[in-house]
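Beneath this line is the structure, given in structure tokens, with notes to follow.
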Amino acid sequence: MTSLNRLGLSFIKSSRLLKRKYLFQSQMMSLSSQVTSFKLVCNKFGDPKEVIELQDESLCMPQNDEVLVKVVMAPVNPADINMIQGVYPVKLSPVPGAVPGNEGVGVVTHVGGDVTQLKPGDRVVPSTPALGMWRTHIILKAHQLTKVRDDLEFVDLAGITSNPCTAYRLLKDFVALSEGDVVIQNGANGAAGQNVIQLCKAWRLRSVNVVRDRPDFEQLREYLMQLGATHVITEEQLRKWSLDVAKPKLALNCVGGKNALEVLRRLDQGGTMVTYGGMSREPVTIPTSSFIFKDITLKGFWMTRWSNDNTCSEARKQMLDDLMCFMHDGRLKAPNHKLVSIRDFRDALANTMNPQGFAGCKYIFDMRLEEQSC
């Protein structure tokens, strides 16, 4: 490299540094040195409706490798409830003063002087769980955030890191599935189950979806069929199996107890059942004969562990890219939901703690509603 080329390269690098410095200084001058944020705080473990309260705080402008994010939406999930109750493997910290919220989507408003991978206007989601997204603004390190597409609905992006990712990994990581293979799952009307249905359709897999017996079964069945389900049956119909389909190679269990046993009995020789939840709070019990004569494999999956182990992995990047492409094409959409203000947190918590089957829906804090009320 000639001295002239080296000089030119040095000039370009210096210009870029000056540009970032100018951007950072402009941000500092354009707004006040502090931003008021509203947040939901857990001061002790217990009944979420009793131990959560709304507080405000003042945030200073981000420094060095920090990023200030204006949170747009943040869902309320069962895992959030369990963390507030103090019964989840991941603990809220510090208590008192911890902010719940495992997932959400926001827009970068300001960046520290050392941040190069993000800029104001970028949409971002958390790279790992338990960052505390139930607030209107948050300051995080740049590496704790993942940039996402700006041509998708906020409501779809708000939950992308949990249920869509769970469904994706369940279908990708345990059995080598081919077009036309059959997957059976219980809890099919749950948020993860609805994502499993849609991904099965996108990948041309056949899905058998088990739900609880209920008065509005036909309404629920029609809804899940519209999402792409091949078959929707009740627990009673599962026990009296009469479907003319190939035996499933993969079973997905989020219920446990007798329901899980009935699902496992439908597996093909050498099939695999993956447990990722336990809504019945009953243990998974398997007959010895299933291991000996059917060579059944049992596995467990926890999305939080996978996310922590793959924060910056190529597999995570590919997964998010695939999911966002499905969202853009209309092949993957958010489950039945209701947008509420952060001030209505008690209703959102009560709904999540008392699921009502198909009549219920996922509550999502829409922080834009807080702005409208101010």
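By order of appearance in the structure tokens: chains A, B, ..., then residues from 1 within every chain, and ligands from 1 in the order shown.
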Self-check item: Distance query A:Val105 at most 10 Å, only C-alpha atoms, self and fewer than 6 positions along chain excluded, as a list in words
Solution: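 Result of the neighbour search: Val69, Lys70, Val71, Val72, Met73, Ala74, Pro75, Arg123, Val124, Val125, Pro126, Met133, Leu145, Thr146, Lys147, Val148, Phe154, Val155, Asp156, Leu157, Ala158, Gly159, Ile160 and Thr161 of chain A.
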Quiz prompt | Nearby residues (only C-alpha atoms) at most 12 Å from A:Ile84, same-chain spacing under 5 positions excluded, as a PyMOL selection string | solution = chain A and resi 40-53+76-79+89-102+130+132+349+353
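Residues with any atom within 8 Å of A:Ala251, counting only C-alpha atoms and excluding same-chain neighbours fewer than 6 positions away, are Val183, Ile184, Gln185, Val263, Leu264, Leu267, Gly271, Thr272, Met273 and Val274 of chain A.
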Practice problem: Quick one: everything within 6 Å of A:Lys39, counting only C-alpha atoms, minus sequence neighbours fewer than 2 positions away in the same chain. Send it as a PyMOL selection string. | Solution: chain A and resi 54-55+134-135
Quiz item: Which neighbours of A:Val182 fall inside 6 Å, counting only C-alpha atoms, when residues of the same chain fewer than 2 positions from it are skipped, and could you give them as a PyMOL selection string?
Solution: chain A and resi 206-207+248
Export of prior selection with N, CA and C atoms as a compact mmCIF listing (two decimals), in the first residue's frame:
```txt
# COMPACT_ATOMS: atom_id res chain seq x y z
N ARG A 206 -47.47 -32.01 8.24
CA ARG A 206 -48.84 -32.23 8.65
C ARG A 206 -48.90 -32.18 10.18
N SER A 207 -49.89 -31.49 10.72
CA SER A 207 -49.97 -31.32 12.17
C SER A 207 -51.28 -31.86 12.72
N PRO A 248 -47.10 -40.07 13.86
CA PRO A 248 -46.19 -38.93 14.01
C PRO A 248 -44.76 -39.35 14.37
```
Exercise. Could you please write out, as a ChimeraX atom specification, every residue of stretch 18-262 of chain A that DSSP assigns to strand (DSSP E or B)?
Key: /A:34-42,52-60,66-75,98,105-111,123-126,135,137-141,145-148,182-185,206-211,231-234,250-253,256
Quiz prompt | Residue neighbourhood stretch 186-203 of chain A, 7 Å, only C-alpha atoms, exclusion window fewer than 5 positions, as a ChimeraX atom specification | solution = /A:163-164,166-167,179,209-211,227-229,252-255,331-332,335
